[in-house]
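Novice: I am attaching a structure below and will ask some questions about it afterwards.
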Amino acid sequence: MDLLNTLVDKGLRRELPTREEALAVLATSDDELLDVVAAAGKVRRQWFGRRVKLNYLVNLKSGLCPEDCSYCSQRLGSKAEILKYTWLKPGQASEAAAAGLAGGAKRVCLVASGRGPTDRDVDRVSDTIKAIKDQNEGVEVCACLGLLSDGQAERLRAAGADAYNHNLNTSEGTYGDITTTHTYADRVDTVHKAHAAGLSACSGLIAGMGESDEDLVDVVYALRELDPDSVPVNFLIPFEGTPLAKEWNLTPQRCLRILAMVRFVCPDVEVRIAGGREVHLRTMQPLALHLANSIFLGDYLTSEGQAGKADLDMIADAGFEVEGTDEVTLPEHRGAGACGSGGVCGSADSDAIPEARTDLVAVRRRGAGTDLAPNA
């Protein structure tokens, strides 16, 4: 396909595709799917080889969020029967993180529900960062605490945080349909604050919320403008008890096309397969490793992932290798840490709505906030 040859050439030069080209990737057929994966895989290997970075989530505070994000099981008014608990103590969080690090993760993502942290919350997280780093030399720590106030990003950086995650989630045009308690501009502002403080910015999206192809392209192009170092691609987990519980719009094939489009638009950025990969990619997860160079190991915030050993086996069986703590994730031209400098970025008939697979959504009952061992 001339389209794919063009996109590979642009990806190897770190040149932005046109919107029409990005939309065309999403419109390819199943007959063309392996060609799409192979083309995007060339770009992925150019900048990241066959390495897969492992990340591990620790949910510091679960549930009872005052925000009304429609996709979230922790939202205001959620009836999802998730784990609910207040802040983990630093020692508890460090113990939870240790399981993921022992499984091969090189980054720990510390997440807390809520609109944004108070100054006292920043102190708590700072103590947790210190506890984790004191026990694990070379570990990366990313904080994800919601909207940041002035000076908080700098305090997290001073405490040892390496990165800050705050996703755009969807396009600016449709954001108000998903969340009303804060704005798209609020999210952009927090990513800017992370950048300005010298933190590595991490910002991504959620696919499968009923958005159009145009919306997906809009949010990925907006992410490119923000220039994060990592772009997590989440696939909606339709929790019972949330407004989007019936949004089963994704097929494994569509998920692969979305990941390929993100890779073409953000060729030299850490593209991470995040929440929902087990639910929507299912047995086609190994193909996604040819597109993304990063995954979460084990469980997510409020849902369970596949066993950590299964992830490691999948990576090895697909011919990839786990990225070591002594290896630099990003290409040299983007810099080894903090804000990347000068780099880029930061439908077919088969996409008919599939039958809901509610059996694939398992509420997390182990790990942080429980007496059971975590999945890592």
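Identifiers for the structure tokens are assigned positionally: chains receive A, B, ... in sequence, residues are indexed from 1 per chain, and ligands are indexed from 1 in the order shown.
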So that I can check the surroundings of Glu270 (chain A), please list as a PyMOL selection string every protein, DNA and RNA residue that reaches within 7 Å of it, counting only C-alpha atoms and ignoring chain neighbours fewer than 3 positions away.

Specialist: chain A and resi 229-231+293-294+330

Novice: Any chance you could list, as JSON, numbers by chain, the residues in region 105-267 of chain A that come up alpha helix (DSSP H) when DSSP is run on the backbone?

Specialist: {"A": [119, 120, 121, 122, 123, 124, 125, 126, 127, 128, 129, 130, 131, 132, 133, 134, 135, 152, 153, 154, 155, 156, 157, 158, 175, 176, 177, 178, 184, 185, 186, 187, 188, 189, 190, 191, 192, 193, 194, 195, 196, 213, 214, 215, 216, 217, 218, 219, 220, 221, 222, 223, 224, 225, 226, 252, 253, 254, 255, 256, 257, 258, 259, 260, 261, 262, 263, 264, 265]}

Novice: Considering only C-alpha atoms, state which residue in the set A:Leu145, A:Ala153, A:Ala99, A:Val108 is at the smallest distance from Gly367 (chain A).

Specialist: A:Ala99

Novice: Hey, could you make a per-residue contact list for region 103-176 of chain A against region 320-328 of chain A with 8 Å as the cut-off, showing the nearest pair of atoms and its distance in Å to one decimal, counting only C-alpha atoms, sorted by chain and number, as a Markdown table?

Specialist:
| residue | atom | partner | partner_atom | distance |
| --- | --- | --- | --- | --- |
| A:Gly104 | CA | A:Val322 | CA | 7.4 |
| A:Lys106 | CA | A:Thr325 | CA | 5.5 |
| A:Gly138 | CA | A:Thr325 | CA | 6.4 |
| A:Val139 | CA | A:Thr325 | CA | 7.1 |

Novice: Generate a file of the selected residues that holds C-alpha atoms, formatted as a tab-separated table (two decimals), in the first residue's frame.

Specialist:
chain	number	residue	atom	x	y	z
A	104	GLY	CA	10.63	-6.84	36.06
A	106	LYS	CA	11.31	-0.45	35.89
A	138	GLY	CA	17.31	3.00	39.74
A	139	VAL	CA	13.53	2.72	39.84

Novice: Considering only C-alpha atoms, state which residue in the set A:Leu76, A:Leu34, A:Leu26, A:Thr180 is at the smallest distance from Leu259 (chain A).

Specialist: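 Of all the options, A:Leu26 lies closest to Leu259 (chain A).
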
Novice: By how many Å are CA of Pro331 (chain A) and CA of Phe48 (chain A) apart?

Specialist: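 The value is 7.2 Å.
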
Novice: Closest to Asp121 (chain A) among A:Ala163, A:Val8, A:Leu23, A:Leu148, using only C-alpha atoms?

Specialist: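 Closest to Asp121 (chain A), using only C-alpha atoms: A:Leu148.
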
Novice: I'd like the interatomic distance between CA of Gln253 (chain A) and CA of Ala316 (chain A), to a tenth of an Å.

Specialist: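 So the answer is 22.3 Å.
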
Novice: List the neighbours of Thr190 (chain A) out to 10 Å using only C-alpha atoms; skip same-chain residues closer than 6 positions along the sequence, and give me the result as a list in words.

Specialist: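 Within the cut-off, the hits are Gly146, Leu147, Leu148, Ser149, Asp150, Ala153, Tyr164, Asn165, His166, Asn167, Ala196 and Ala201 of chain A.
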
Novice: Just to be explicit: take each residue in the selection above, keep N, CA and C atoms, and write the result as a PDB file, in the first residue's frame.

Specialist:
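And here is the file that came out, again.pdb:
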ATOM      1  N   GLY A 146      -4.078  13.665  39.668  1.00  0.00           N
ATOM      2  CA  GLY A 146      -5.116  14.585  39.229  1.00  0.00           C
ATOM      3  C   GLY A 146      -4.566  15.947  38.874  1.00  0.00           C
ATOM      4  N   LEU A 147      -5.441  16.951  38.928  1.00  0.00           N
ATOM      5  CA  LEU A 147      -5.068  18.313  38.547  1.00  0.00           C
ATOM      6  C   LEU A 147      -4.105  18.914  39.561  1.00  0.00           C
ATOM      7  N   LEU A 148      -3.032  19.522  39.071  1.00  0.00           N
ATOM      8  CA  LEU A 148      -2.012  20.092  39.944  1.00  0.00           C
ATOM      9  C   LEU A 148      -2.209  21.591  40.131  1.00  0.00           C
ATOM     10  N   SER A 149      -1.958  22.046  41.344  1.00  0.00           N
ATOM     11  CA  SER A 149      -1.929  23.475  41.643  1.00  0.00           C
ATOM     12  C   SER A 149      -0.504  23.988  41.469  1.00  0.00           C
ATOM     13  N   ASP A 150      -0.358  25.299  41.419  1.00  0.00           N
ATOM     14  CA  ASP A 150       0.963  25.901  41.233  1.00  0.00           C
ATOM     15  C   ASP A 150       1.926  25.422  42.317  1.00  0.00           C
ATOM     16  N   ALA A 153       3.973  20.419  41.207  1.00  0.00           N
ATOM     17  CA  ALA A 153       4.843  19.623  40.335  1.00  0.00           C
ATOM     18  C   ALA A 153       6.298  19.779  40.759  1.00  0.00           C
ATOM     19  N   TYR A 164       5.140  12.617  35.546  1.00  0.00           N
ATOM     20  CA  TYR A 164       3.775  12.875  36.005  1.00  0.00           C
ATOM     21  C   TYR A 164       2.814  12.505  34.884  1.00  0.00           C
ATOM     22  N   ASN A 165       1.795  11.722  35.244  1.00  0.00           N
ATOM     23  CA  ASN A 165       0.789  11.307  34.265  1.00  0.00           C
ATOM     24  C   ASN A 165      -0.503  12.089  34.446  1.00  0.00           C
ATOM     25  N   HIS A 166      -1.010  12.592  33.346  1.00  0.00           N
ATOM     26  CA  HIS A 166      -2.349  13.185  33.333  1.00  0.00           C
ATOM     27  C   HIS A 166      -2.854  13.081  31.898  1.00  0.00           C
ATOM     28  N   ASN A 167      -3.811  12.205  31.680  1.00  0.00           N
ATOM     29  CA  ASN A 167      -4.277  11.912  30.329  1.00  0.00           C
ATOM     30  C   ASN A 167      -5.272  12.953  29.822  1.00  0.00           C
ATOM     31  N   ALA A 196       6.956  22.021  32.844  1.00  0.00           N
ATOM     32  CA  ALA A 196       7.677  23.189  33.359  1.00  0.00           C
ATOM     33  C   ALA A 196       8.516  22.861  34.589  1.00  0.00           C
ATOM     34  N   ALA A 201       6.683  14.203  31.078  1.00  0.00           N
ATOM     35  CA  ALA A 201       5.222  14.234  30.945  1.00  0.00           C
ATOM     36  C   ALA A 201       4.715  12.934  30.323  1.00  0.00           C
TER      37      ALA A 201
END

Novice: Using only C-alpha atoms for the distances, tell me which of A:Leu33, A:Cys202, A:Ile295, A:Leu12 is nearest to Lys53 (chain A).

Specialist: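 Checking each candidate against Lys53 (chain A), we get A:Ile295 as the closest.
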
Novice: Could you list, as a list in words, every residue within 12 Å of region 181-184 of chain A, counting only C-alpha atoms and ignoring same-chain residues fewer than 5 positions away?

Specialist: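 The filter keeps Cys65, Pro66, Glu67, Asp68, Cys69, Ser70, Arg75, Leu76, Gly114, Arg115, Gly116, Gly146, Leu147, His166, Asn167, Leu168, Asn169, Thr170, Ser171, Glu172, Gly173, Thr174, Tyr175, Gly176, Asp189, Thr190, Val191, Val219 and Ala222 of chain A.
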
Novice: Please list as an MDAnalysis selection string every residue within 10 Å of Ile315 (chain A), counting only C-alpha atoms and excluding residues in the same chain fewer than 4 positions away.

Specialist: chainID A and resid 50:52 285:286 289 309:311 319:322

Novice: List the neighbours of region 274-276 of chain A out to 10 Å using only C-alpha atoms; skip same-chain residues closer than 2 positions along the sequence, and give me the result as an MDAnalysis selection string.

Specialist: chainID A and resid 55 204:208 231:238 271:272 278:282 294:297 299:301 303:305 360:361

Novice: Write out as a ChimeraX atom specification each polymer residue whose atoms come within 10 Å of Glu154 (chain A), counting only C-alpha atoms; drop sequence neighbours fewer than 4 positions from it.

Specialist: /A:150,158-159,161,193-199
